[in-house]
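Student: The structure under discussion is supplied below as structure tokens; questions concerning it will follow.
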Amino acid sequence: MLLRSCIKKYKTDTHRAFSPEETLDRIAPKMELAGITRVADITNLDRIGIPVFSSIRPAADKGAISVYNGKGATPAEARVSAMMEGIERYSAEVHDRELLVETYSKLKSETNTIDPRDLILPNDANPVIAIPWVEGYDLIRKEEVMVPASGVFHPLPMDYPQLFRTNTNGLASGNVLEEAVFHGLSEVIERDAWSLVEIVKNTGPLVSEVEDGLAAGLIEKFAAAEVEVRIKDITSDVGVPTIAAASDDVKLKDPALLTIGMGTHTSAEVAVLRALTEVAQSRLTQIHGAREDTTTADFRRQIGYERTKRLNKHWFEDSETRPFGEIESQDSEDFLDDINLMLKRLEEAGMDRAIVVDLTREEIGVPVVRVIVPGLEQSAMDQDRRGQRCRDEIKRHRRLSRAKPR
């Protein structure tokens, strides 16, 4: 897989190879091929006013639909985000692909192969059975490598042996391959950071002095709607800016609207924007009822606002403050520079592989990839998969707690 220099031609509210309007012209004719029948503006269902759109895709099951939401600081960005999300999810399905089913012990004797255990398996997983595999490319070692299909496709059909519940971590699309790879790397770094703060219930310092025009404007929209938003720096040892935003609707006091959003980007300004727009998306997902699984919202409403907030107090309690200007940031002009920086930071944090599987569907032509970095955590998404980094973080947190003066 050859990655090339890719200059960012759009850097208003996020970084893209092309503007949202140019992207829209390119992908709108492809929506039907991905099964998307409608794209809806749901912004006005909430009183915040931050743009959120939904793409709707009827499922094969009678009467079932899938809804994919997209966010952005502008309506055009949110519309494109929703459409690209739908294309990602379509491209991540197996469809007509033929998967090789083999045991790891047999396959590793014939080709370069990832040990399934490196993907952090749940306790009940059986890594020695024959499982499906797919070929990827390791950006760090610069070599082709076979990876378990459970870490690539979502969903993986149940007639294939399953290692764990599939998810969308590291699934990303872009105008070009480099843009998709960058977003996939950003997401796996973000989910790792989220997992580490959740495992010890320490969400880092509050971010103050956010004075960027777009981000400051979004914060004002939340405040005007009586929604308190706390911005936190949850950047991990990987060192790529990762920001979380936790919102509390103090007007409605609806436990389902105690939501969080996150953003990871080499540019700290974009990371903040992504966190703020994602928390707005999370609110509208609850309001719109577009969740595939509403169990969490139902449980929260059963136990009530006060108890829900206590259970999630690590997101809403006071902590030390860090001025936004102190967050390390790289605002480059080229996606390849950003990718190389993230690979360097991953290696410095002890990761020795960064695998990309190209999931682009030829009939659609929009680049879609799955990025897998063995060793990075995702327990915040799947509590059954907790790895060494989480265990190390627990030990580190305990040492720091014991060292604090009483």
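In the structure tokens, each chain is lettered A, B, ... as it comes, each chain's residues begin at 1, and ligands are numbered from 1 in order of appearance.
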Select from segment 148-243 of chain A every residue with an atom at most 12 Å from any atom of segment 104-114 of chain A, then for each give the shortest pair of atoms and their distance in Å to one decimal, using only C-alpha atoms, rows by chain and rising number, as a tab-separated table.
Tutor:
```
residue	atom	partner	partner_atom	distance
A:Pro148	CA	A:Ile114	CA	7.5
A:Ala149	CA	A:Ile114	CA	11.1
A:Gly151	CA	A:Ile114	CA	11.1
```
Student: Kindly export the residues of the current selection with N, CA, C and O atoms, as a PDB file, in the first residue's frame.
Tutor:
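File result-v6.pdb, as written:
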```
ATOM      1  N   PRO A 148      -7.322 -11.303  11.532  1.00  0.00           N
ATOM      2  CA  PRO A 148      -8.630 -11.928  11.732  1.00  0.00           C
ATOM      3  C   PRO A 148      -9.760 -11.037  11.220  1.00  0.00           C
ATOM      4  O   PRO A 148      -9.790  -9.831  11.491  1.00  0.00           O
ATOM      5  N   ALA A 149     -10.685 -11.640  10.492  1.00  0.00           N
ATOM      6  CA  ALA A 149     -11.789 -10.881   9.901  1.00  0.00           C
ATOM      7  C   ALA A 149     -12.719 -10.307  10.959  1.00  0.00           C
ATOM      8  O   ALA A 149     -13.430  -9.329  10.693  1.00  0.00           O
ATOM      9  N   GLY A 151     -11.893  -8.527  13.339  1.00  0.00           N
ATOM     10  CA  GLY A 151     -11.435  -7.170  13.595  1.00  0.00           C
ATOM     11  C   GLY A 151     -11.591  -6.243  12.417  1.00  0.00           C
ATOM     12  O   GLY A 151     -11.212  -5.075  12.501  1.00  0.00           O
TER      13      GLY A 151
END
```
Student: Using only C-alpha atoms, which protein or nucleic acid residues come within 7 Å of Gly204 of chain A? Drop anything in the same chain fewer than 4 positions from it, and give the result as a list in words.
Tutor: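 Within the cut-off, the hits are Lys232, Asp233 and Ile234 of chain A.
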Student: Excluding segment 128-130 of chain A and residues on its chain fewer than 2 positions from it, collect all residues at most 7 Å away from it, counting only C-alpha atoms, and give them as a ChimeraX atom specification.
Tutor: /A:101-104,126
Student: Keeping only N, CA and C atoms, write those residues as a PDB file, in the first residue's frame.
Tutor:
```pdb
ATOM      1  N   VAL A 101     -10.737 -19.274   5.586  1.00  0.00           N
ATOM      2  CA  VAL A 101     -10.953 -19.800   6.934  1.00  0.00           C
ATOM      3  C   VAL A 101      -9.854 -20.810   7.231  1.00  0.00           C
ATOM      4  N   GLU A 102      -9.076 -20.514   8.282  1.00  0.00           N
ATOM      5  CA  GLU A 102      -7.932 -21.365   8.614  1.00  0.00           C
ATOM      6  C   GLU A 102      -7.541 -21.133  10.066  1.00  0.00           C
ATOM      7  N   THR A 103      -6.802 -22.054  10.653  1.00  0.00           N
ATOM      8  CA  THR A 103      -6.285 -21.859  12.004  1.00  0.00           C
ATOM      9  C   THR A 103      -5.061 -20.957  11.954  1.00  0.00           C
ATOM     10  N   TYR A 104      -4.819 -20.255  13.041  1.00  0.00           N
ATOM     11  CA  TYR A 104      -3.639 -19.387  13.113  1.00  0.00           C
ATOM     12  C   TYR A 104      -2.363 -20.206  12.982  1.00  0.00           C
ATOM     13  N   ASN A 126     -11.771 -18.423  21.603  1.00  0.00           N
ATOM     14  CA  ASN A 126     -10.928 -19.581  21.337  1.00  0.00           C
ATOM     15  C   ASN A 126     -10.044 -19.276  20.132  1.00  0.00           C
TER      16      ASN A 126
END
```
Student: What's the 7 Å shell around segment 2-14 of chain A, counting only C-alpha atoms, without same-chain residues fewer than 2 positions away, as a PDB file with N, CA and C atoms, in the first residue's frame?
Tutor:
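Contents of selection.pdb, freshly written:
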```pdb
ATOM      1  N   ARG A  16      -9.918  18.243   5.199  1.00  0.00           N
ATOM      2  CA  ARG A  16     -10.336  17.347   4.122  1.00  0.00           C
ATOM      3  C   ARG A  16      -9.516  17.624   2.872  1.00  0.00           C
ATOM      4  N   ALA A  17      -9.465  16.620   2.012  1.00  0.00           N
ATOM      5  CA  ALA A  17      -8.767  16.801   0.740  1.00  0.00           C
ATOM      6  C   ALA A  17      -9.556  17.710  -0.197  1.00  0.00           C
ATOM      7  N   PHE A  18     -10.899  17.748   0.008  1.00  0.00           N
ATOM      8  CA  PHE A  18     -11.763  18.611  -0.791  1.00  0.00           C
ATOM      9  C   PHE A  18     -12.800  19.245   0.127  1.00  0.00           C
ATOM     10  N   SER A  19     -13.431  20.280  -0.327  1.00  0.00           N
ATOM     11  CA  SER A  19     -14.466  20.942   0.468  1.00  0.00           C
ATOM     12  C   SER A  19     -15.690  20.031   0.576  1.00  0.00           C
ATOM     13  N   ALA A  73     -19.551  21.416  12.082  1.00  0.00           N
ATOM     14  CA  ALA A  73     -19.788  22.785  12.519  1.00  0.00           C
ATOM     15  C   ALA A  73     -20.638  23.539  11.507  1.00  0.00           C
ATOM     16  N   GLU A 178      -5.441   8.476   1.712  1.00  0.00           N
ATOM     17  CA  GLU A 178      -4.686   9.061   2.814  1.00  0.00           C
ATOM     18  C   GLU A 178      -5.599   9.707   3.845  1.00  0.00           C
ATOM     19  N   VAL A 270      -9.046  21.213  15.813  1.00  0.00           N
ATOM     20  CA  VAL A 270      -9.997  20.301  15.182  1.00  0.00           C
ATOM     21  C   VAL A 270     -10.487  19.270  16.193  1.00  0.00           C
ATOM     22  N   GLU A 333      -0.210  20.815   6.555  1.00  0.00           N
ATOM     23  CA  GLU A 333      -0.928  21.016   5.290  1.00  0.00           C
ATOM     24  C   GLU A 333      -1.106  19.713   4.526  1.00  0.00           C
ATOM     25  N   ASP A 334      -0.555  18.609   5.039  1.00  0.00           N
ATOM     26  CA  ASP A 334      -0.489  17.373   4.260  1.00  0.00           C
ATOM     27  C   ASP A 334      -0.897  16.192   5.146  1.00  0.00           C
ATOM     28  N   PHE A 335      -1.847  15.390   4.666  1.00  0.00           N
ATOM     29  CA  PHE A 335      -2.278  14.221   5.427  1.00  0.00           C
ATOM     30  C   PHE A 335      -1.132  13.241   5.648  1.00  0.00           C
ATOM     31  N   LEU A 336      -0.225  13.138   4.702  1.00  0.00           N
ATOM     32  CA  LEU A 336       0.879  12.196   4.860  1.00  0.00           C
ATOM     33  C   LEU A 336       1.764  12.591   6.037  1.00  0.00           C
TER      34      LEU A 336
END
```
Student: Write out as CSV the residues of segment 11-97 of chain A that have any atom within 12 Å of an atom of segment 244-256 of chain A, one row each with the nearest atom pair and its distance in Å to one decimal, counting only C-alpha atoms, sorted by chain and then rising number.
Tutor:
```
residue,atom,partner,partner_atom,distance
A:Asp46,CA,A:Asp249,CA,11.5
A:Arg47,CA,A:Asp249,CA,11.0
A:Ile48,CA,A:Asp249,CA,10.6
```
Student: Could those residues be written to a file, using N, CA, C and O atoms, as a CSV table (one decimal), in the first residue's frame?
Tutor:
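Output saved as part_29.csv:
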```csv
chain,number,residue,atom,x,y,z
A,46,ASP,N,-33.4,19.4,18.1
A,46,ASP,CA,-32.8,19.8,19.4
A,46,ASP,C,-32.8,21.3,19.4
A,46,ASP,O,-32.8,22.0,18.3
A,47,ARG,N,-32.7,21.9,20.5
A,47,ARG,CA,-32.7,23.4,20.6
A,47,ARG,C,-31.3,24.0,20.5
A,47,ARG,O,-31.1,25.2,20.5
A,48,ILE,N,-30.2,23.1,20.4
A,48,ILE,CA,-28.8,23.6,20.4
A,48,ILE,C,-28.6,24.4,19.1
A,48,ILE,O,-28.0,25.4,19.1
```
Student: When distances are computed from only C-alpha atoms, which of A:Arg230, A:Arg398, A:Arg391, A:Lys71 shows the smallest separation from His314 of chain A?
Tutor: A:Arg230
Student: Among segment 149-217 of chain A, which ones does DSSP place in strand (DSSP E or B), written as a compact mmCIF listing (two decimals) with C-alpha atoms, in the first residue's frame?
Tutor:
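Output file out_8.txt follows:
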```
# COMPACT_ATOMS: atom_id res chain seq x y z
CA LEU A 171 -13.50 2.18 10.29
CA ALA A 172 -13.10 5.34 8.22
CA SER A 173 -13.77 6.86 4.82
CA LEU A 206 -10.64 20.74 32.29
CA VAL A 207 -9.67 22.72 29.20
CA SER A 208 -10.02 26.48 29.60
```
Student: Listing only residues of segment 128-206 of chain A within 10 Å of segment 363-385 of chain A, what is the closest atom pair and its distance in Å (to one decimal) for each, using only C-alpha atoms, sorted by chain and residue number ascending, as JSON lines?
Tutor:
```
{"residue": "A:Gly136", "atom": "CA", "partner": "A:Arg370", "partner_atom": "CA", "distance": 9.0}
{"residue": "A:Tyr137", "atom": "CA", "partner": "A:Val371", "partner_atom": "CA", "distance": 9.6}
{"residue": "A:Asp138", "atom": "CA", "partner": "A:Ile372", "partner_atom": "CA", "distance": 9.2}
{"residue": "A:Val147", "atom": "CA", "partner": "A:Ile372", "partner_atom": "CA", "distance": 9.0}
{"residue": "A:Gly151", "atom": "CA", "partner": "A:Ile372", "partner_atom": "CA", "distance": 7.5}
{"residue": "A:Val152", "atom": "CA", "partner": "A:Arg370", "partner_atom": "CA", "distance": 6.1}
{"residue": "A:Phe153", "atom": "CA", "partner": "A:Arg370", "partner_atom": "CA", "distance": 8.3}
{"residue": "A:Phe164", "atom": "CA", "partner": "A:Arg385", "partner_atom": "CA", "distance": 8.5}
{"residue": "A:Arg165", "atom": "CA", "partner": "A:Asp382", "partner_atom": "CA", "distance": 7.9}
{"residue": "A:Thr166", "atom": "CA", "partner": "A:Asp382", "partner_atom": "CA", "distance": 9.3}
{"residue": "A:Asn167", "atom": "CA", "partner": "A:Met381", "partner_atom": "CA", "distance": 8.1}
{"residue": "A:Thr168", "atom": "CA", "partner": "A:Arg370", "partner_atom": "CA", "distance": 8.4}
{"residue": "A:Asn169", "atom": "CA", "partner": "A:Gln378", "partner_atom": "CA", "distance": 7.9}
{"residue": "A:Gly170", "atom": "CA", "partner": "A:Val371", "partner_atom": "CA", "distance": 4.7}
{"residue": "A:Leu171", "atom": "CA", "partner": "A:Arg370", "partner_atom": "CA", "distance": 4.5}
{"residue": "A:Ala172", "atom": "CA", "partner": "A:Val369", "partner_atom": "CA", "distance": 5.5}
{"residue": "A:Ser173", "atom": "CA", "partner": "A:Val368", "partner_atom": "CA", "distance": 4.2}
{"residue": "A:Gly174", "atom": "CA", "partner": "A:Pro367", "partner_atom": "CA", "distance": 5.7}
{"residue": "A:Asn175", "atom": "CA", "partner": "A:Pro367", "partner_atom": "CA", "distance": 6.6}
{"residue": "A:Val176", "atom": "CA", "partner": "A:Pro367", "partner_atom": "CA", "distance": 5.9}
{"residue": "A:Leu177", "atom": "CA", "partner": "A:Pro367", "partner_atom": "CA", "distance": 5.4}
{"residue": "A:Glu178", "atom": "CA", "partner": "A:Pro367", "partner_atom": "CA", "distance": 8.9}
{"residue": "A:Glu179", "atom": "CA", "partner": "A:Pro367", "partner_atom": "CA", "distance": 8.6}
{"residue": "A:Ala180", "atom": "CA", "partner": "A:Val368", "partner_atom": "CA", "distance": 6.2}
{"residue": "A:Val181", "atom": "CA", "partner": "A:Val369", "partner_atom": "CA", "distance": 6.5}
{"residue": "A:Phe182", "atom": "CA", "partner": "A:Val371", "partner_atom": "CA", "distance": 9.2}
{"residue": "A:His183", "atom": "CA", "partner": "A:Val371", "partner_atom": "CA", "distance": 9.0}
{"residue": "A:Gly184", "atom": "CA", "partner": "A:Val371", "partner_atom": "CA", "distance": 5.3}
{"residue": "A:Leu185", "atom": "CA", "partner": "A:Val371", "partner_atom": "CA", "distance": 6.2}
{"residue": "A:Ser186", "atom": "CA", "partner": "A:Val371", "partner_atom": "CA", "distance": 9.4}
{"residue": "A:Glu187", "atom": "CA", "partner": "A:Val371", "partner_atom": "CA", "distance": 8.7}
{"residue": "A:Val188", "atom": "CA", "partner": "A:Leu376", "partner_atom": "CA", "distance": 7.2}
{"residue": "A:Ile189", "atom": "CA", "partner": "A:Leu376", "partner_atom": "CA", "distance": 7.3}
{"residue": "A:Glu190", "atom": "CA", "partner": "A:Gln378", "partner_atom": "CA", "distance": 9.3}
{"residue": "A:Arg191", "atom": "CA", "partner": "A:Gln378", "partner_atom": "CA", "distance": 5.6}
{"residue": "A:Asp192", "atom": "CA", "partner": "A:Glu377", "partner_atom": "CA", "distance": 4.4}
{"residue": "A:Ala193", "atom": "CA", "partner": "A:Glu377", "partner_atom": "CA", "distance": 7.8}
{"residue": "A:Trp194", "atom": "CA", "partner": "A:Ala380", "partner_atom": "CA", "distance": 6.4}
{"residue": "A:Ser195", "atom": "CA", "partner": "A:Ala380", "partner_atom": "CA", "distance": 4.6}
{"residue": "A:Leu196", "atom": "CA", "partner": "A:Glu377", "partner_atom": "CA", "distance": 7.5}
{"residue": "A:Val197", "atom": "CA", "partner": "A:Ala380", "partner_atom": "CA", "distance": 9.1}
{"residue": "A:Glu198", "atom": "CA", "partner": "A:Ala380", "partner_atom": "CA", "distance": 6.7}
{"residue": "A:Ile199", "atom": "CA", "partner": "A:Ala380", "partner_atom": "CA", "distance": 8.0}
```
Student: Name the residues in contact with Thr242 of chain A at a cut-off of 6 Å, using only C-alpha atoms, excluding same-chain residues fewer than 5 positions from it; report them as a PyMOL selection string.
Tutor: chain A and resi 234-235+263-264
Student: Quick one: residues within 8 Å of Ser332 of chain A, only C-alpha atoms, excluding same-chain residues fewer than 4 positions away - as a ChimeraX atom specification?
Tutor: /A:267,337-338
Student: How would the residues just picked look written out with all heavy atoms as a PDB file, in the first residue's frame?
Tutor:
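For reference, again.pdb as written:
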```
ATOM      1  N   SER A 267      -4.302  18.322  14.971  1.00  0.00           N
ATOM      2  CA  SER A 267      -4.605  19.720  15.300  1.00  0.00           C
ATOM      3  C   SER A 267      -5.535  19.755  16.501  1.00  0.00           C
ATOM      4  O   SER A 267      -6.653  19.239  16.446  1.00  0.00           O
ATOM      5  CB  SER A 267      -5.274  20.424  14.114  1.00  0.00           C
ATOM      6  OG  SER A 267      -5.859  21.648  14.531  1.00  0.00           O
ATOM      7  N   ASP A 337       1.962  13.892   6.238  1.00  0.00           N
ATOM      8  CA  ASP A 337       2.727  14.346   7.402  1.00  0.00           C
ATOM      9  C   ASP A 337       2.021  13.944   8.698  1.00  0.00           C
ATOM     10  O   ASP A 337       2.660  13.518   9.663  1.00  0.00           O
ATOM     11  CB  ASP A 337       2.894  15.867   7.364  1.00  0.00           C
ATOM     12  CG  ASP A 337       3.833  16.327   6.259  1.00  0.00           C
ATOM     13  OD1 ASP A 337       4.642  15.504   5.789  1.00  0.00           O
ATOM     14  OD2 ASP A 337       3.748  17.506   5.868  1.00  0.00           O
ATOM     15  N   ASP A 338       0.699  14.092   8.727  1.00  0.00           N
ATOM     16  CA  ASP A 338      -0.069  13.718   9.919  1.00  0.00           C
ATOM     17  C   ASP A 338       0.017  12.216  10.187  1.00  0.00           C
ATOM     18  O   ASP A 338       0.166  11.781  11.328  1.00  0.00           O
ATOM     19  CB  ASP A 338      -1.537  14.118   9.744  1.00  0.00           C
ATOM     20  CG  ASP A 338      -1.743  15.622   9.778  1.00  0.00           C
ATOM     21  OD1 ASP A 338      -0.847  16.328  10.266  1.00  0.00           O
ATOM     22  OD2 ASP A 338      -2.803  16.093   9.324  1.00  0.00           O
TER      23      ASP A 338
END
```
Student: Expressed in Å to a single decimal, how great is the separation between atom CA of Ala78 of chain A and atom CA of Val52 of chain A?
Tutor: 5.5 Å
Student: Given only C-alpha atoms as the basis, pick out the residue of A:Pro405, A:Pro155, A:Pro51, A:Pro58 nearest to Ser81 of chain A.
Tutor: A:Pro51
Student: Which one is closest to Arg353 of chain A: A:Ala225, A:Ile243, A:Val145, A:Val279? Count only C-alpha atoms.
Tutor: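 That would be A:Val145, the residue with the smallest distance to Arg353 of chain A.
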Student: For segment 282-290 of chain A, find every residue with an atom within 12 Å (counting only C-alpha atoms), except residues of its own chain fewer than 3 positions away, and show them as a PyMOL selection string.
Tutor: chain A and resi 40-57+64-71+222+227+245-249+254-262+274-279+293-298+300-301
Student: Please identify which residues in segment 228-279 of chain A DSSP calls alpha helix (DSSP H) from the backbone, and express them as a ChimeraX atom specification.
Tutor: /A:268-279
